[in-house]
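Right, one structure below, let's go through it.
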Amino acid sequence: MDSLAALRLQIEWGADEALDESPVGRLAVRAQAAAAETGTPAPPETFVLTPARAPLPVPPRLGMPLAMPLAMHMPMPMPMAMPAQQAQAVAAAAQTRAELRAALEAFTGCGLSATATNLVFDDGQADSGLMLVGEGPGAEEDRTGRPFVGASGQLLDRMLASVGLDRTKLLITNLIPWRPPGNRNPTDAEISICLPFLLRHIALVQPRYLVLLGAISTQAVLATKGGISRQRGRWIQAEIAGLDAPVATLPMLHPAYLLRNPTAKAQAWTDMVSLRRRLDSDAK
Ligand code: URA
């Protein structure tokens with residue numbers, strides 16, 4: 001392998017920055033520390049993954065795979081579970097809403113929990129059969145720990161009231177239970193960490209109807225990339241793990257969007273009427 005190819009390979013592995021003057025064999029350091037703990041002799045260093053500007057790796061013996069000698073002497077450490085996998089396991093273990101809430105309170109795998117003032121879990125009537133999912137808390141929700149109590153929450157309350165609904169007739173929650181600093185959109189990583197909790201929340205509540213407010217919660221729950229303007233107002237049967245049956249789901253425009261785009265309120269009104277009709281017809 002010529003030097004250029006070796007450098008390319010290192011860049012591919014992510015070793016694209018020189019951290020020290022001389023290379024450090026991290027695997028050997030770890031092996032020596034483990035050996036010191038157990039009192040067994042440390043395995044010989046076999047190769048060194050170096051930063052791009054440091055000398056090239058010591059070549060292993062011909063025909064010997066790079067990690068082999070080390071792996072033969074001691075088991076490779078298990079990789080740490082990724083936060084999204086941790087979230088999945090923690091959420092799945094919760095058997096009630098109270099347990100899910102407590103699990104979220106204790107969960108530190110999402111950086112947003114460190115910057116938020118309060119966890120915003122849910123609000124309303126869990127056994128009403130109707131569950132609304134927003135995106136994530138804003139400043140007022142973060143301060144009070146309740147979803148949809150700021151300006152967009154007040155608009156949502158008026159929209160619900162216009163079709164005879166209020167918080168005693170539904171449960172409101174969010175995809176993201178902690179406020180993203182400065183009300184920025186959640187990142188893909190934050191969404192993938194929080195989504196297992198939301199899906200478990202839905203499975204524990206077993207709603208008959210699900211309303212997804214805005215593009216971000218719609219895309220996350222339905223695992224779609226489709227735009228909200230095409231999806232809103234169309235009922236679909238969503239299959240969610242842990243639900244006894246697919247749930248009738250209606251994506252709608254987010255109230256915060258309606259505050260910025262008042263002309264879209266006509267569409268939101270149509271969707272609210274569609275929700276009311278569905279509730280009424282199924283009640284007959
Ligand atoms: N926007 C949301 O999506 N959720 C809230 O709780 C508040 C504003």
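By order in the structure tokens, chains are A, B, ...; within a chain, residues start at 1; ligands start at 1, following the order shown.
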Contact table chain A vs ligand 1, cut-off 8 Å, shortest pair per residue, only C-alpha atoms and all ligand atoms, as CSV:
residue,atom,partner,partner_atom_place_in_ligand_line,distance
A:Val120,CA,ligand 1,6 (O),7.4
A:Val133,CA,ligand 1,3 (O),7.5
A:Gly134,CA,ligand 1,3 (O),3.7
A:Glu135,CA,ligand 1,3 (O),3.5
A:Gly136,CA,ligand 1,4 (N),4.3
A:Pro137,CA,ligand 1,6 (O),4.0
A:Gly138,CA,ligand 1,7 (C),5.2
A:Glu140,CA,ligand 1,7 (C),7.9
A:Glu141,CA,ligand 1,6 (O),5.8
A:Arg146,CA,ligand 1,6 (O),6.9
A:Pro147,CA,ligand 1,6 (O),3.5
A:Phe148,CA,ligand 1,6 (O),3.8
A:Val149,CA,ligand 1,7 (C),6.6
A:Gly150,CA,ligand 1,7 (C),6.4
A:Ala151,CA,ligand 1,8 (C),7.8
A:Ser152,CA,ligand 1,8 (C),5.8
A:Gly153,CA,ligand 1,7 (C),6.0
A:Thr173,CA,ligand 1,6 (O),7.0
A:Asn174,CA,ligand 1,4 (N),5.7
A:Leu175,CA,ligand 1,3 (O),7.8
A:Leu213,CA,ligand 1,3 (O),7.1
A:Gly214,CA,ligand 1,3 (O),7.7
A:His254,CA,ligand 1,3 (O),7.2
A:Pro255,CA,ligand 1,1 (N),7.6
A:Ala256,CA,ligand 1,1 (N),6.7
Generate the output file for the selected residues, N, CA and C atoms, as a compact mmCIF listing (two decimals), in the first residue's frame.
# COMPACT_ATOMS: atom_id res chain seq x y z
N VAL A 120 -41.84 18.00 29.66
CA VAL A 120 -43.24 18.25 29.29
C VAL A 120 -43.79 16.92 28.79
N VAL A 133 -50.62 14.95 19.07
CA VAL A 133 -49.15 14.96 19.21
C VAL A 133 -48.58 16.20 18.53
N GLY A 134 -47.98 17.07 19.32
CA GLY A 134 -47.31 18.25 18.77
C GLY A 134 -45.84 17.95 18.55
N GLU A 135 -45.09 19.02 18.38
CA GLU A 135 -43.68 18.84 18.04
C GLU A 135 -42.81 18.83 19.31
N GLY A 136 -42.78 19.94 20.01
CA GLY A 136 -41.95 20.02 21.21
C GLY A 136 -42.27 21.29 21.96
N PRO A 137 -41.93 21.35 23.24
CA PRO A 137 -42.29 22.51 24.06
C PRO A 137 -41.58 23.78 23.62
N GLY A 138 -42.28 24.89 23.83
CA GLY A 138 -41.67 26.21 23.68
C GLY A 138 -41.36 26.75 25.08
N GLU A 140 -42.95 28.73 27.22
CA GLU A 140 -44.00 28.68 28.25
C GLU A 140 -44.23 27.25 28.73
N GLU A 141 -44.19 26.31 27.78
CA GLU A 141 -44.37 24.90 28.14
C GLU A 141 -43.20 24.43 29.01
N ARG A 146 -46.24 21.91 31.05
CA ARG A 146 -47.49 21.46 30.39
C ARG A 146 -47.42 21.75 28.90
N PRO A 147 -47.91 20.81 28.06
CA PRO A 147 -47.84 21.05 26.61
C PRO A 147 -48.87 22.08 26.15
N PHE A 148 -48.52 22.79 25.13
CA PHE A 148 -49.44 23.72 24.45
C PHE A 148 -50.14 24.70 25.41
N VAL A 149 -49.35 25.46 26.13
CA VAL A 149 -49.93 26.51 26.97
C VAL A 149 -49.50 27.91 26.52
N GLY A 150 -48.58 27.98 25.54
CA GLY A 150 -48.15 29.28 25.02
C GLY A 150 -49.09 29.75 23.92
N ALA A 151 -48.59 30.63 23.07
CA ALA A 151 -49.45 31.24 22.04
C ALA A 151 -50.06 30.19 21.13
N SER A 152 -49.28 29.21 20.68
CA SER A 152 -49.87 28.22 19.77
C SER A 152 -50.84 27.30 20.52
N GLY A 153 -50.59 27.10 21.82
CA GLY A 153 -51.53 26.31 22.62
C GLY A 153 -52.86 27.02 22.77
N THR A 173 -49.77 15.51 23.83
CA THR A 173 -48.36 15.30 24.14
C THR A 173 -47.52 15.84 22.99
N ASN A 174 -46.23 15.60 23.03
CA ASN A 174 -45.32 16.08 22.00
C ASN A 174 -44.36 14.98 21.58
N LEU A 175 -43.82 15.12 20.38
CA LEU A 175 -42.75 14.21 19.95
C LEU A 175 -41.52 14.38 20.83
N LEU A 213 -49.82 16.97 14.81
CA LEU A 213 -49.79 18.41 14.53
C LEU A 213 -48.44 18.79 13.94
N GLY A 214 -48.44 19.12 12.66
CA GLY A 214 -47.23 19.62 12.01
C GLY A 214 -46.39 18.55 11.34
N HIS A 254 -49.67 22.62 12.03
CA HIS A 254 -49.33 22.96 13.42
C HIS A 254 -49.86 24.36 13.73
N PRO A 255 -50.42 24.56 14.93
CA PRO A 255 -50.93 25.90 15.28
C PRO A 255 -49.87 27.00 15.16
N ALA A 256 -48.60 26.67 15.44
CA ALA A 256 -47.55 27.71 15.31
C ALA A 256 -47.44 28.15 13.84
Region 110-236 of chain A: residues DSSP assigns to alpha helix (DSSP H), reported as a PyMOL selection string: chain A and resi 112-115+139-144+151-161+188-205+215-222+228-231
Please tabulate, as a tab-separated table, the residues of region 196-258 of chain A that come within 9 Å of region 270-275 of chain A, each with its closest pair of atoms and the distance in Å to one decimal, counting only C-alpha atoms and ordering rows by chain, then residue number upward.
residue	atom	partner	partner_atom	distance
A:Tyr209	CA	A:Leu275	CA	8.9
A:Val211	CA	A:Leu275	CA	8.6
A:Arg232	CA	A:Asp271	CA	7.6
A:Gly233	CA	A:Asp271	CA	5.1
A:Arg234	CA	A:Asp271	CA	8.5
A:Leu250	CA	A:Leu275	CA	7.8
A:Pro251	CA	A:Asp271	CA	8.7
A:Met252	CA	A:Asp271	CA	6.7
A:Leu253	CA	A:Asp271	CA	8.8
Store the residues picked out above, limited to all heavy atoms, as a tab-separated table (two decimals), in the first residue's frame.
chain	number	residue	atom	x	y	z
A	209	TYR	N	-58.19	7.56	18.13
A	209	TYR	CA	-57.84	8.55	17.10
A	209	TYR	C	-56.56	9.25	17.50
A	209	TYR	O	-56.35	9.57	18.68
A	209	TYR	CB	-58.95	9.61	16.97
A	209	TYR	CG	-60.30	9.01	16.81
A	209	TYR	CD1	-61.15	8.87	17.91
A	209	TYR	CD2	-60.74	8.53	15.58
A	209	TYR	CE1	-62.39	8.28	17.79
A	209	TYR	CE2	-61.98	7.94	15.44
A	209	TYR	CZ	-62.80	7.81	16.55
A	209	TYR	OH	-64.02	7.22	16.42
A	211	VAL	N	-54.14	12.58	16.32
A	211	VAL	CA	-53.98	13.78	15.48
A	211	VAL	C	-52.52	14.20	15.58
A	211	VAL	O	-51.99	14.39	16.68
A	211	VAL	CB	-54.91	14.92	15.95
A	211	VAL	CG1	-54.59	16.21	15.20
A	211	VAL	CG2	-56.37	14.54	15.72
A	232	ARG	N	-51.90	16.58	5.22
A	232	ARG	CA	-52.89	17.09	6.16
A	232	ARG	C	-54.31	16.78	5.65
A	232	ARG	O	-54.55	16.78	4.43
A	232	ARG	CB	-52.73	18.59	6.41
A	232	ARG	CG	-52.83	19.48	5.19
A	232	ARG	CD	-53.52	20.79	5.47
A	232	ARG	NE	-54.95	20.63	5.50
A	232	ARG	CZ	-55.72	20.69	4.41
A	232	ARG	NH1	-55.21	20.90	3.21
A	232	ARG	NH2	-57.04	20.54	4.53
A	233	GLY	N	-55.19	16.53	6.58
A	233	GLY	CA	-56.60	16.33	6.22
A	233	GLY	C	-56.91	14.96	5.69
A	233	GLY	O	-58.06	14.65	5.39
A	234	ARG	N	-55.90	14.10	5.53
A	234	ARG	CA	-56.16	12.75	4.99
A	234	ARG	C	-56.05	11.73	6.13
A	234	ARG	O	-54.97	11.56	6.70
A	234	ARG	CB	-55.12	12.37	3.94
A	234	ARG	CG	-55.20	13.24	2.74
A	234	ARG	CD	-54.22	12.74	1.72
A	234	ARG	NE	-54.21	13.65	0.58
A	234	ARG	CZ	-53.54	13.45	-0.52
A	234	ARG	NH1	-52.80	12.37	-0.63
A	234	ARG	NH2	-53.59	14.32	-1.50
A	250	LEU	N	-54.93	11.46	11.81
A	250	LEU	CA	-55.16	12.64	10.97
A	250	LEU	C	-54.01	13.64	11.13
A	250	LEU	O	-53.88	14.27	12.18
A	250	LEU	CB	-56.48	13.31	11.38
A	250	LEU	CG	-56.88	14.55	10.58
A	250	LEU	CD1	-57.19	14.19	9.13
A	250	LEU	CD2	-58.08	15.25	11.22
A	251	PRO	N	-53.16	13.79	10.12
A	251	PRO	CA	-52.15	14.85	10.18
A	251	PRO	C	-52.82	16.22	9.95
A	251	PRO	O	-53.74	16.33	9.12
A	251	PRO	CB	-51.19	14.53	9.02
A	251	PRO	CG	-51.50	13.10	8.64
A	251	PRO	CD	-52.96	12.92	8.94
A	252	MET	N	-52.38	17.20	10.70
A	252	MET	CA	-52.94	18.56	10.56
A	252	MET	C	-51.81	19.59	10.57
A	252	MET	O	-50.70	19.28	10.99
A	252	MET	CB	-53.87	18.87	11.73
A	252	MET	CG	-55.21	18.17	11.65
A	252	MET	SD	-56.33	18.69	12.97
A	252	MET	CE	-56.27	20.44	12.84
A	253	LEU	N	-52.12	20.80	10.16
A	253	LEU	CA	-51.13	21.88	10.25
A	253	LEU	C	-50.90	22.22	11.72
A	253	LEU	O	-51.81	22.14	12.55
A	253	LEU	CB	-51.63	23.11	9.49
A	253	LEU	CG	-51.85	22.89	7.99
A	253	LEU	CD1	-52.52	24.12	7.36
A	253	LEU	CD2	-50.53	22.59	7.29
Closest of A:Trp269, A:Ala81, A:Leu170, A:Glu239 to Met131 (chain A), counting only C-alpha atoms, is A:Leu170
Nearest-residue call for Arg278 (chain A), choices A:Ala248, A:Ala139, A:Leu112, A:Ala98, using only C-alpha atoms: A:Ala248
Rounded to one decimal, what separation in Å do you get between CA of Leu198 (chain A) and CA of Leu212 (chain A)? 11.8 Å
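Interatomic distance, CA of Lys265 (chain A) against CA of Pro246 (chain A): 28.7 Å.
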List the neighbours of region 181-190 of chain A out to 7 Å using only C-alpha atoms; skip same-chain residues closer than 4 positions along the sequence, and give me the result as a PyMOL selection string. chain A and resi 110+115+138+194
Extract, using only C-alpha atoms, all DNA, RNA and protein residues at most 9 Å from Gly129 (chain A), discarding same-chain residues fewer than 3 positions from it, and format them as an NGL selection string. :A and (125-126 or 169-171 or 205-210)
Could you save those same residues with N, CA, C and O atoms as an mmCIF file, in the first residue's frame?
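This is the output file result.cif:
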data_model
loop_
_atom_site.group_PDB
_atom_site.id
_atom_site.type_symbol
_atom_site.label_atom_id
_atom_site.label_comp_id
_atom_site.auth_asym_id
_atom_site.auth_seq_id
_atom_site.Cartn_x
_atom_site.Cartn_y
_atom_site.Cartn_z
ATOM 1 N N GLN A 125 -56.938 14.045 29.150
ATOM 2 C CA GLN A 125 -57.639 12.839 29.581
ATOM 3 C C GLN A 125 -57.112 11.632 28.816
ATOM 4 O O GLN A 125 -57.391 11.490 27.622
ATOM 5 N N ALA A 126 -56.392 10.759 29.499
ATOM 6 C CA ALA A 126 -55.726 9.657 28.788
ATOM 7 C C ALA A 126 -56.709 8.633 28.231
ATOM 8 O O ALA A 126 -56.439 7.999 27.215
ATOM 9 N N LYS A 169 -61.401 16.218 26.934
ATOM 10 C CA LYS A 169 -61.897 15.225 25.966
ATOM 11 C C LYS A 169 -60.775 14.649 25.119
ATOM 12 O O LYS A 169 -61.030 14.016 24.091
ATOM 13 N N LEU A 170 -59.529 14.915 25.503
ATOM 14 C CA LEU A 170 -58.399 14.409 24.721
ATOM 15 C C LEU A 170 -57.125 14.448 25.550
ATOM 16 O O LEU A 170 -57.093 15.027 26.634
ATOM 17 N N LEU A 171 -56.085 13.822 25.011
ATOM 18 C CA LEU A 171 -54.772 13.867 25.671
ATOM 19 C C LEU A 171 -53.790 14.535 24.698
ATOM 20 O O LEU A 171 -53.748 14.184 23.509
ATOM 21 N N VAL A 205 -51.435 4.399 25.852
ATOM 22 C CA VAL A 205 -52.730 5.109 25.902
ATOM 23 C C VAL A 205 -53.780 4.392 25.047
ATOM 24 O O VAL A 205 -54.966 4.401 25.369
ATOM 25 N N GLN A 206 -53.345 3.714 23.979
ATOM 26 C CA GLN A 206 -54.260 3.016 23.053
ATOM 27 C C GLN A 206 -55.398 3.931 22.579
ATOM 28 O O GLN A 206 -56.583 3.611 22.770
ATOM 29 N N PRO A 207 -55.060 5.070 21.954
ATOM 30 C CA PRO A 207 -56.148 5.960 21.508
ATOM 31 C C PRO A 207 -56.907 5.367 20.313
ATOM 32 O O PRO A 207 -56.344 4.565 19.566
ATOM 33 N N ARG A 208 -58.147 5.796 20.143
ATOM 34 C CA ARG A 208 -58.898 5.394 18.923
ATOM 35 C C ARG A 208 -58.530 6.306 17.773
ATOM 36 O O ARG A 208 -58.577 5.931 16.619
ATOM 37 N N TYR A 209 -58.188 7.557 18.126
ATOM 38 C CA TYR A 209 -57.845 8.553 17.098
ATOM 39 C C TYR A 209 -56.555 9.254 17.501
ATOM 40 O O TYR A 209 -56.349 9.575 18.679
ATOM 41 N N LEU A 210 -55.757 9.525 16.480
ATOM 42 C CA LEU A 210 -54.487 10.205 16.714
ATOM 43 C C LEU A 210 -54.436 11.410 15.774
ATOM 44 O O LEU A 210 -54.700 11.269 14.576
#
For a test of reading the model, state the distance in Å between CA of His201 (chain A) and CA of Ile172 (chain A), rounded to one decimal. 10.9 Å
Pull the strand (DSSP E or B) assignments for region 87-263 of chain A out of DSSP run on the backbone, and list those residues as a VMD selection string. chain A and resid 122 to 124 130 to 134 171 to 174 209 to 213 236 to 238 247 to 252
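Shortest separation to Ser217 (chain A) among A:Leu199, A:Gln85, A:Arg276, A:Lys284 occurs at residue A:Leu199, atoms counted being only C-alpha atoms.
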Quick one: everything within 10 Å of Gln95 (chain A), counting only C-alpha atoms, minus sequence neighbours fewer than 5 positions away in the same chain. Send it as a ChimeraX atom specification. /A:100,200-201,203-204
